[in-house]
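Okay, protein_29.csv now, which holds CSV, C-alpha atoms:
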chain,number,residue,atom,x,y,z
A,1,MET,CA,2.4,-3.0,39.6
A,2,LEU,CA,0.6,-2.7,36.3
A,3,ALA,CA,1.5,0.9,36.1
A,4,SER,CA,5.2,0.1,36.7
A,5,LEU,CA,5.1,-2.6,34.1
A,6,MET,CA,3.6,-0.3,31.5
A,7,LYS,CA,6.1,2.3,32.4
A,8,LYS,CA,9.0,-0.1,31.7
A,9,CYS,CA,7.5,-2.0,28.8
A,10,GLY,CA,4.7,0.3,27.6
A,11,TRP,CA,5.7,0.7,23.9
A,12,PRO,CA,6.3,-3.0,23.2
A,13,ILE,CA,3.2,-4.1,24.9
A,14,LEU,CA,1.1,-1.5,23.2
A,15,LEU,CA,2.5,-2.4,19.8
A,16,LEU,CA,2.2,-6.2,20.2
A,17,SER,CA,-1.4,-5.8,21.3
A,18,ILE,CA,-2.3,-3.8,18.2
A,19,LEU,CA,-0.3,-5.9,15.7
A,20,PRO,CA,-2.4,-9.1,15.5
A,21,ALA,CA,-5.4,-7.1,14.4
A,22,VAL,CA,-3.7,-5.7,11.3
A,23,SER,CA,-1.4,-8.6,10.2
A,24,CYS,CA,0.3,-7.7,6.9
A,25,PHE,CA,3.8,-8.0,5.5
A,26,ALA,CA,5.9,-4.9,5.1
A,27,GLY,CA,8.3,-6.1,2.5
A,28,ALA,CA,11.6,-8.0,2.1
A,29,ARG,CA,15.1,-6.8,2.1
A,30,HIS,CA,17.6,-7.7,-0.7
A,31,PHE,CA,20.6,-6.2,1.1
A,32,GLY,CA,22.0,-6.4,4.6
A,33,PHE,CA,23.8,-3.0,4.8
A,34,ILE,CA,21.9,-1.0,2.1
A,35,TYR,CA,18.4,0.4,2.2
A,36,GLU,CA,16.0,0.2,-0.8
A,37,ALA,CA,13.8,2.9,-2.1
A,38,PRO,CA,10.3,1.2,-2.0
A,39,THR,CA,8.5,1.8,1.3
A,40,SER,CA,6.0,-0.6,3.0
A,41,ALA,CA,2.3,-0.8,2.0
A,42,PRO,CA,0.0,1.3,4.2
A,43,GLY,CA,-1.3,-0.7,7.1
A,44,SER,CA,1.5,-3.2,7.0
A,45,PHE,CA,3.4,-4.3,10.1
A,46,GLU,CA,6.6,-6.3,10.3
A,47,PHE,CA,8.9,-7.4,13.1
A,48,GLU,CA,12.6,-7.5,12.1
A,49,ASN,CA,15.5,-8.9,14.1
A,50,TRP,CA,19.0,-8.0,13.1
A,51,VAL,CA,22.1,-9.9,14.2
A,52,THR,CA,25.5,-8.5,13.3
A,53,TRP,CA,28.7,-10.3,14.2
A,54,ALA,CA,31.9,-8.2,13.8
A,55,ARG,CA,35.4,-9.5,14.3
A,56,THR,CA,38.3,-7.2,14.8
A,57,THR,CA,41.9,-8.4,15.0
A,58,ASN,CA,43.9,-5.2,14.6
A,59,PRO,CA,45.4,-4.3,17.1
A,60,GLU,CA,43.8,-6.9,19.3
A,61,HIS,CA,41.3,-9.6,18.9
A,62,SER,CA,37.7,-8.9,19.8
A,63,ASP,CA,34.2,-10.1,18.8
A,64,GLN,CA,31.0,-8.2,19.0
A,65,VAL,CA,27.5,-9.5,18.3
A,66,ALA,CA,25.0,-6.7,17.9
A,67,PHE,CA,21.2,-7.2,18.0
A,68,ARG,CA,18.4,-5.0,16.8
A,69,HIS,CA,14.7,-5.6,17.3
A,70,GLU,CA,12.6,-3.4,15.1
A,71,ILE,CA,8.9,-2.8,14.2
A,72,GLU,CA,8.3,-1.5,10.7
A,73,ILE,CA,5.1,0.2,9.9
A,74,GLY,CA,3.6,1.3,6.5
A,75,VAL,CA,2.0,4.6,7.3
A,76,THR,CA,0.9,5.8,3.9
A,77,ASP,CA,1.7,4.8,0.3
A,78,HIS,CA,5.0,6.8,0.5
A,79,LEU,CA,5.8,7.0,4.3
A,80,GLN,CA,7.2,4.2,6.4
A,81,ALA,CA,8.1,4.4,10.1
A,82,SER,CA,10.2,2.1,12.2
A,83,ILE,CA,10.8,1.8,15.9
A,84,TYR,CA,14.0,0.2,17.1
A,85,LEU,CA,12.8,-1.2,20.3
A,86,ALA,CA,16.3,-2.1,21.5
A,87,ASP,CA,19.8,-2.1,20.1
A,88,TRP,CA,22.1,-4.1,22.3
A,89,PHE,CA,25.4,-6.0,21.9
A,90,TYR,CA,27.5,-8.7,23.3
A,91,GLN,CA,31.2,-7.8,23.4
A,92,ASN,CA,34.1,-10.2,24.0
A,93,ASP,CA,37.6,-8.8,24.1
A,94,PRO,CA,40.7,-9.0,26.4
A,95,ALA,CA,39.4,-6.1,28.6
A,96,HIS,CA,35.7,-6.7,28.7
A,97,SER,CA,33.1,-9.4,28.2
A,98,GLY,CA,29.4,-9.0,28.5
A,99,SER,CA,26.2,-7.6,27.0
A,100,THR,CA,25.1,-4.0,27.0
A,101,TYR,CA,22.0,-2.1,26.0
A,102,SER,CA,23.0,0.5,23.4
A,103,ASP,CA,20.0,2.6,22.2
A,104,SER,CA,16.5,2.8,20.8
A,105,ALA,CA,15.5,4.8,17.7
A,106,LEU,CA,12.9,6.2,15.5
A,107,GLU,CA,13.3,5.9,11.7
A,108,LEU,CA,11.3,7.5,9.0
A,109,ILE,CA,11.5,6.9,5.2
A,110,TYR,CA,9.6,8.9,2.6
A,111,ASN,CA,9.5,7.6,-0.9
A,112,LEU,CA,9.7,10.1,-3.7
A,113,THR,CA,9.9,8.1,-7.0
A,114,ASN,CA,9.5,4.6,-8.1
A,115,PRO,CA,12.6,2.5,-9.3
A,116,VAL,CA,10.6,0.8,-12.0
A,117,THR,CA,8.4,3.4,-13.6
A,118,ASP,CA,10.6,6.5,-13.0
A,119,PRO,CA,14.1,6.9,-14.3
A,120,ILE,CA,15.4,6.4,-10.8
A,121,GLY,CA,13.7,5.5,-7.5
A,122,LEU,CA,14.5,7.9,-4.7
A,123,SER,CA,13.7,8.0,-1.0
A,124,ILE,CA,14.8,10.1,1.9
A,125,TYR,CA,15.6,8.7,5.3
A,126,GLN,CA,15.8,10.2,8.8
A,127,GLU,CA,16.7,8.5,12.0
A,128,TYR,CA,16.9,9.7,15.6
A,129,LYS,CA,18.7,7.4,18.1
A,130,GLY,CA,19.0,7.8,21.8
A,131,GLY,CA,20.6,5.7,24.5
A,132,ASP,CA,22.8,5.7,27.6
A,133,ARG,CA,25.0,8.8,27.1
A,134,LEU,CA,24.3,8.6,23.4
A,135,PHE,CA,22.4,10.6,20.8
A,136,GLU,CA,22.7,10.0,17.1
A,137,TRP,CA,21.2,11.7,14.1
A,138,GLU,CA,21.3,10.1,10.7
A,139,SER,CA,20.1,11.3,7.3
A,140,LYS,CA,20.2,9.2,4.1
A,141,LEU,CA,19.5,9.5,0.4
A,142,ILE,CA,18.4,6.2,-1.1
A,143,ALA,CA,18.5,5.7,-4.8
A,144,GLN,CA,17.5,2.6,-6.7
A,145,ARG,CA,17.0,1.4,-10.2
A,146,ASN,CA,15.5,-2.0,-11.2
A,147,PHE,CA,16.5,-3.5,-14.5
A,148,GLY,CA,14.1,-6.4,-14.7
A,149,PRO,CA,15.4,-9.0,-12.1
A,150,LEU,CA,18.5,-6.8,-11.3
A,151,ILE,CA,18.3,-4.3,-8.5
A,152,LEU,CA,21.0,-1.5,-8.2
A,153,ALA,CA,20.9,0.5,-5.0
A,154,TYR,CA,22.9,3.4,-3.7
A,155,ASN,CA,22.8,5.1,-0.3
A,156,ALA,CA,24.5,8.3,0.8
A,157,THR,CA,24.5,8.7,4.5
A,158,LEU,CA,25.5,11.5,6.9
A,159,GLU,CA,25.6,10.7,10.6
A,160,ALA,CA,26.3,12.8,13.6
A,161,LEU,CA,27.0,11.3,17.0
A,162,TRP,CA,27.2,12.8,20.5
A,163,GLU,CA,28.2,10.5,23.4
A,164,GLY,CA,30.0,10.3,26.7
A,165,LYS,CA,29.3,12.2,29.9
A,166,GLY,CA,27.4,15.3,29.0
A,167,LEU,CA,27.4,14.2,25.4
A,168,THR,CA,30.6,16.1,24.9
A,169,GLU,CA,32.4,13.6,22.6
A,170,ARG,CA,31.4,14.1,19.0
A,171,ALA,CA,32.0,12.3,15.7
A,172,GLY,CA,30.6,12.4,12.3
A,173,GLU,CA,30.5,10.0,9.4
A,174,PHE,CA,29.7,10.2,5.7
A,175,GLN,CA,29.1,6.8,4.1
A,176,GLN,CA,28.4,5.8,0.5
A,177,ALA,CA,27.1,2.3,-0.2
A,178,VAL,CA,26.3,0.7,-3.4
A,179,GLY,CA,24.9,-2.8,-4.1
A,180,VAL,CA,23.6,-5.0,-6.7
A,181,SER,CA,21.1,-7.9,-6.3
A,182,TYR,CA,20.0,-10.4,-8.9
A,183,GLU,CA,16.7,-12.2,-8.5
A,184,ILE,CA,17.5,-15.8,-9.3
A,185,ALA,CA,13.9,-16.8,-8.6
A,186,PRO,CA,11.0,-14.7,-7.1
A,187,GLN,CA,11.9,-16.1,-3.7
A,188,LEU,CA,15.7,-16.0,-4.0
A,189,SER,CA,18.2,-13.3,-4.8
A,190,ALA,CA,22.0,-12.8,-4.5
A,191,GLY,CA,24.4,-10.0,-5.0
A,192,VAL,CA,27.3,-7.9,-3.8
A,193,GLU,CA,27.4,-4.8,-1.6
A,194,LEU,CA,30.1,-2.2,-0.9
A,195,LEU,CA,30.4,0.4,1.8
A,196,HIS,CA,32.8,3.3,1.7
A,197,GLU,CA,33.0,5.2,5.1
A,198,PHE,CA,34.6,8.5,6.0
A,199,VAL,CA,34.7,8.9,9.7
A,200,PHE,CA,35.4,12.4,11.3
A,201,PRO,CA,36.4,12.1,15.0
A,202,GLU,CA,35.5,15.4,16.7
A,203,TRP,CA,34.5,16.6,13.2
A,204,ARG,CA,38.1,17.3,12.2
A,205,ASP,CA,38.6,16.6,8.6
A,206,GLU,CA,42.4,16.2,9.0
A,207,GLU,CA,41.7,13.0,11.0
A,208,THR,CA,39.5,11.4,8.5
A,209,ILE,CA,39.3,7.6,8.7
A,210,ARG,CA,38.4,5.9,5.5
A,211,ASN,CA,37.1,2.4,5.4
A,212,VAL,CA,36.0,0.2,2.6
A,213,PHE,CA,34.0,-3.0,3.1
A,214,VAL,CA,32.8,-5.4,0.4
A,215,GLY,CA,31.1,-8.7,0.2
A,216,PRO,CA,28.2,-10.9,-1.0
A,217,ASN,CA,24.6,-11.0,0.1
A,218,VAL,CA,21.8,-13.5,-0.3
A,219,SER,CA,18.1,-13.1,0.4
A,220,TYR,CA,15.3,-15.7,0.7
A,221,ARG,CA,11.6,-14.8,1.2
A,222,HIS,CA,8.6,-17.1,1.6
A,223,ARG,CA,5.0,-16.2,2.5
A,224,ASN,CA,5.1,-13.6,5.2
A,225,TRP,CA,8.8,-13.9,6.2
A,226,PHE,CA,12.2,-13.3,4.7
A,227,VAL,CA,15.8,-13.7,5.7
A,228,THR,CA,18.8,-11.8,4.3
A,229,VAL,CA,22.5,-12.4,5.0
A,230,SER,CA,25.4,-10.2,4.1
A,231,ALA,CA,29.1,-10.8,4.8
A,232,LEU,CA,31.5,-8.0,4.4
A,233,VAL,CA,35.3,-7.9,4.7
A,234,GLN,CA,37.4,-4.8,5.2
A,235,ALA,CA,39.3,-4.0,2.0
A,236,THR,CA,41.3,-1.3,3.8
A,237,ASP,CA,43.6,-1.8,6.8
A,238,THR,CA,42.2,0.4,9.5
A,239,PRO,CA,43.0,-0.4,13.1
A,240,ASP,CA,40.1,-0.8,15.5
A,241,GLU,CA,37.7,-1.5,12.6
A,242,ALA,CA,36.1,-4.9,12.0
A,243,ASP,CA,38.0,-7.1,9.6
A,244,PHE,CA,34.8,-9.1,9.0
A,245,GLN,CA,31.1,-8.4,9.5
A,246,LEU,CA,28.3,-10.9,9.1
A,247,ARG,CA,24.7,-9.6,9.3
A,248,MET,CA,21.5,-11.6,9.2
A,249,ILE,CA,18.1,-9.9,9.1
A,250,PHE,CA,15.0,-11.9,9.7
A,251,GLY,CA,11.6,-10.2,9.1
A,252,ILE,CA,8.1,-11.5,9.6
A,253,GLY,CA,4.7,-10.0,8.9
A,254,LEU,CA,2.6,-9.7,12.0
B,1,MET,CA,27.7,4.5,13.6
B,2,LYS,CA,30.4,2.8,15.5
B,3,ARG,CA,31.8,4.4,18.7
B,4,LEU,CA,34.8,6.7,18.3
B,5,ARG,CA,37.9,5.1,16.9
B,6,LYS,CA,41.6,5.8,16.6
B,7,PHE,CA,43.0,7.8,13.7
B,8,SER,CA,44.3,6.1,10.7
B,9,ARG,CA,44.6,6.5,6.9
B,10,ALA,CA,44.1,3.6,4.7
B,11,PRO,CA,44.5,2.9,1.0
B,12,ILE,CA,41.1,3.2,-0.8
B,13,THR,CA,42.0,2.7,-4.4
B,14,LEU,CA,40.3,-0.7,-4.7
B,15,GLY,CA,37.2,0.4,-3.0
B,16,LEU,CA,36.9,3.6,-5.0
B,17,SER,CA,37.3,1.8,-8.3
B,18,ILE,CA,34.6,-0.7,-7.5
B,19,PHE,CA,32.4,2.0,-6.2
B,20,ALA,CA,32.9,4.2,-9.2
B,21,VAL,CA,32.0,1.4,-11.6
B,22,LEU,CA,28.8,0.4,-9.7
B,23,ALA,CA,27.7,4.0,-9.1
B,24,ALA,CA,28.2,4.8,-12.8
B,25,ALA,CA,26.2,1.7,-13.7
B,26,LEU,CA,23.4,2.9,-11.4
B,27,PHE,CA,23.1,6.4,-12.7
B,28,ILE,CA,24.3,6.2,-16.3
B,29,SER,CA,22.9,3.0,-17.5
B,30,CYS,CA,19.3,4.1,-17.4
B,31,GLU,CA,18.7,2.9,-20.9
B,32,SER,CA,15.4,1.4,-22.0
B,33,THR,CA,14.0,-1.4,-19.9
B,34,GLY,CA,10.8,-1.4,-21.8
B,35,TYR,CA,10.3,-5.1,-21.6
B,36,TYR,CA,10.0,-4.9,-17.8
B,37,THR,CA,8.4,-1.5,-17.3
B,38,PRO,CA,4.6,-1.7,-17.0
B,39,PRO,CA,3.2,0.1,-20.1
B,40,VAL,CA,1.6,3.5,-19.6
B,41,VAL,CA,-2.2,3.5,-19.6
B,42,THR,CA,-3.8,4.7,-22.8
B,43,SER,CA,-7.4,5.3,-23.8
B,44,LYS,CA,-7.0,2.4,-26.3
B,45,MET,CA,-6.6,0.0,-23.4
B,46,ALA,CA,-10.0,0.9,-22.0
B,47,ARG,CA,-11.6,0.7,-25.4
B,48,THR,CA,-10.3,-2.8,-26.1
B,49,ARG,CA,-12.0,-4.2,-23.1
B,50,SER,CA,-15.2,-4.9,-24.9
B,51,GLY,CA,-18.2,-5.9,-22.8
B,52,GLN,CA,-16.8,-4.6,-19.5
B,53,SER,CA,-16.6,-1.0,-18.3
B,54,VAL,CA,-13.1,-0.2,-17.0
B,55,ASP,CA,-12.3,3.4,-16.7
B,56,LEU,CA,-8.9,4.9,-17.2
B,57,ALA,CA,-8.6,5.9,-13.6
B,58,THR,CA,-9.0,2.3,-12.5
B,59,LEU,CA,-6.4,1.2,-15.0
B,60,GLN,CA,-4.0,4.0,-13.9
B,61,ASN,CA,-4.5,3.0,-10.3
B,62,GLY,CA,-3.9,-0.6,-11.2
B,63,ARG,CA,-0.6,0.3,-12.9
B,64,THR,CA,0.5,2.3,-9.9
B,65,LEU,CA,-0.4,-0.4,-7.4
B,66,PHE,CA,1.3,-3.1,-9.6
B,67,ALA,CA,4.5,-1.0,-9.8
B,68,HIS,CA,4.6,0.0,-6.1
B,69,ARG,CA,3.3,-2.9,-4.1
B,70,CYS,CA,4.9,-5.8,-5.9
B,71,ILE,CA,8.5,-4.5,-5.6
B,72,GLU,CA,8.3,-4.4,-1.9
B,73,CYS,CA,9.2,-8.1,-1.9
B,74,HIS,CA,10.5,-9.0,-5.3
B,75,THR,CA,11.3,-7.4,-8.7
B,76,LEU,CA,8.5,-6.7,-11.0
B,77,PRO,CA,7.7,-9.4,-13.6
B,78,PRO,CA,6.8,-8.2,-17.1
B,79,VAL,CA,3.0,-8.4,-17.6
B,80,TRP,CA,3.5,-10.9,-20.4
B,81,HIS,CA,5.6,-13.3,-18.2
B,82,TYR,CA,2.5,-15.3,-17.3
B,83,ARG,CA,-0.7,-16.3,-19.2
B,84,VAL,CA,-3.6,-13.9,-18.7
B,85,GLU,CA,-5.6,-16.5,-16.8
B,86,ASP,CA,-2.7,-17.1,-14.4
B,87,TRP,CA,-2.6,-13.5,-13.2
B,88,PRO,CA,-5.7,-13.4,-11.0
B,89,PRO,CA,-4.6,-16.3,-8.7
B,90,ILE,CA,-1.1,-14.9,-8.6
B,91,VAL,CA,-2.3,-11.5,-7.5
B,92,ASN,CA,-4.8,-12.9,-5.1
B,93,SER,CA,-2.1,-15.2,-3.5
B,94,MET,CA,0.1,-12.2,-2.7
B,95,ALA,CA,-2.7,-9.7,-1.9
B,96,HIS,CA,-2.5,-10.1,1.8
B,97,ARG,CA,1.3,-9.6,1.9
B,98,ALA,CA,1.0,-6.6,-0.3
B,99,SER,CA,-1.8,-5.2,1.8
B,100,LEU,CA,-4.2,-5.0,-1.2
B,101,LYS,CA,-7.9,-4.4,-0.7
B,102,PRO,CA,-10.3,-6.3,-3.0
B,103,ALA,CA,-10.8,-3.2,-5.2
B,104,GLU,CA,-7.1,-2.8,-5.5
B,105,ARG,CA,-6.6,-6.4,-6.6
B,106,GLU,CA,-9.3,-5.9,-9.2
B,107,ALA,CA,-7.6,-2.8,-10.5
B,108,ILE,CA,-4.3,-4.6,-10.9
B,109,ILE,CA,-5.9,-7.5,-12.7
B,110,ALA,CA,-7.9,-5.1,-14.9
B,111,TYR,CA,-4.7,-3.3,-15.8
B,112,ILE,CA,-2.9,-6.5,-16.7
B,113,ARG,CA,-5.8,-7.7,-18.8
B,114,ALA,CA,-6.0,-4.4,-20.6
B,115,VAL,CA,-2.3,-4.4,-21.5
B,116,ARG,CA,-2.5,-8.0,-22.6
B,117,SER,CA,-5.6,-7.3,-24.8
B,118,LEU,CA,-3.5,-5.0,-26.9
B,119,HIS,CA,-0.9,-7.7,-27.7

Go ahead and express the file in the form of structure tokens.
Amino acid sequence: MLASLMKKCGWPILLLSILPAVSCFAGARHFGFIYEAPTSAPGSFEFENWVTWARTTNPEHSDQVAFRHEIEIGVTDHLQASIYLADWFYQNDPAHSGSTYSDSALELIYNLTNPVTDPIGLSIYQEYKGGDRLFEWESKLIAQRNFGPLILAYNATLEALWEGKGLTERAGEFQQAVGVSYEIAPQLSAGVELLHEFVFPEWRDEETIRNVFVGPNVSYRHRNWFVTVSALVQATDTPDEADFQLRMIFGIGL
Amino acid sequence: MKRLRKFSRAPITLGLSIFAVLAAALFISCESTGYYTPPVVTSKMARTRSGQSVDLATLQNGRTLFAHRCIECHTLPPVWHYRVEDWPPIVNSMAHRASLKPAEREAIIAYIRAVRSLH
């Protein structure tokens, strides 16, 4: 029975048994949809929960609430690793209603330069995601510059997705994201973020879908926890894309 | 990435305009932010700390830790933002969150004191 339990829940149990012994905060996020260049301090552990509500009305009304449970680990001064224990979502539309496990993933971020002491802070990001009839590979360049209490961040992301039976359905996406966050007080910041997506179904450029999302963000941090909320509306008019997305990230040092 | 979606083309002028302005601000407006950037360690900083032996390597380490660890949670305050005597409790209060060992805390405090001793 114990062997069966470990087989099913081995990773979470192992991580949760290790975490209380190290107990440090990995860092706060200022943006909901944009990554920042600094990586977590070595030896730090953090548990993050993401909730993203997306509402689509074109061509038909549907709501999706997606959840992510993530452990973030500072490995060295420049390397950070994250494990997405589970990505799952609740979907409600005319054809279907219910919750579904989506995937789990491994994410690595390596910091190259500092956004305060160097002309520009840079990090590179790599993620591998696997799930039920799903494999995804994602690379990202993260750029950031701090001007005193102002943070400017830019992400360029390339994603490749294989899904379906035999992983025969393919898609690609290039995304640019830019955001600004102003620190009103050491614990509170607010700003704006913008996403510009180019989706390539079956990797065919002639069918490129272009989407733009823009909206505000606010972040609050206190002691060993933080919460960040971003709300984005679609500035384009693409069918089957969310008209509105609201994301909340809650992180706590373990 | 979202699952596969239907084909469409959408106007992107607004998004591109906003994006261009913000991206330009990010990459072009790298003008001096000297007030906020932690000063580079010089041999003069070590010399001015009369009565205590702080080597340049410690001060350099202090600057690096100050610039790297603090910005994981918040933007970096200028070293003259608080009084010199206020810095040690500030650093100590956040040392656990920043995963700072005692020697690393001392290096940051030594760096801030050294910078402040010049002004």

Considering all atoms listed in the file, return as an MDAnalysis selection string whatever protein or nucleic-acid residues lie within 10 Å of stretch 167-174 of chain A, sequence-local ones (same chain, fewer than 6 positions apart) excluded. (chainID A and resid 132:140 156:161 196:205 208:210) or (chainID B and resid 1:5)

Could you jot down the atom CA of A:His78 to atom CA of A:Leu194 separation for me, Å, one decimal place?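 So the answer is 26.7 Å.
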
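Among the candidates A:Ser99, A:Asn224, A:Gln234, A:Gln80, the one nearest to chain B when counting only C-alpha atoms is A:Asn224.
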
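A straight line drawn from atom CA of A:Lys129 to atom CA of A:Asp103 is 6.4 Å long.
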
Select, counting all atoms listed in the file, all protein, DNA and RNA residues no farther than 12 Å from (5.7, -0.1, -7.3) in file coordinates, and express the selection as JSON, numbers by chain. {"A": [27, 37, 38, 39, 40, 41, 77, 78, 111, 112, 113, 114, 115, 116, 117, 118, 121, 145, 146], "B": [37, 38, 61, 62, 63, 64, 65, 66, 67, 68, 69, 70, 71, 72, 73, 74, 75, 76, 77, 98, 108]}

Starting from the point (-2.9, -4.4, -20.7), work out which residues of protein, DNA or RNA have an atom no more than 10 Å away when counting only C-alpha atoms; state them as a PyMOL selection string. chain B and resi 38-42+44-46+48-49+59+63+79-80+84+108-119

When you count all atoms listed in the file, which of these residues is closest to A:Glu193: A:Ala66, A:Val233, A:Val227, A:Ala143?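 Answer, going by the shortest atom-to-atom distance: A:Val233.
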
Pick from A:Trp225, A:Gln91, A:Leu254, A:Ala81: nearest to A:Glu46, with all atoms listed in the file counted?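 Among A:Trp225, A:Gln91, A:Leu254, A:Ala81, it is A:Leu254 that comes nearest to A:Glu46.
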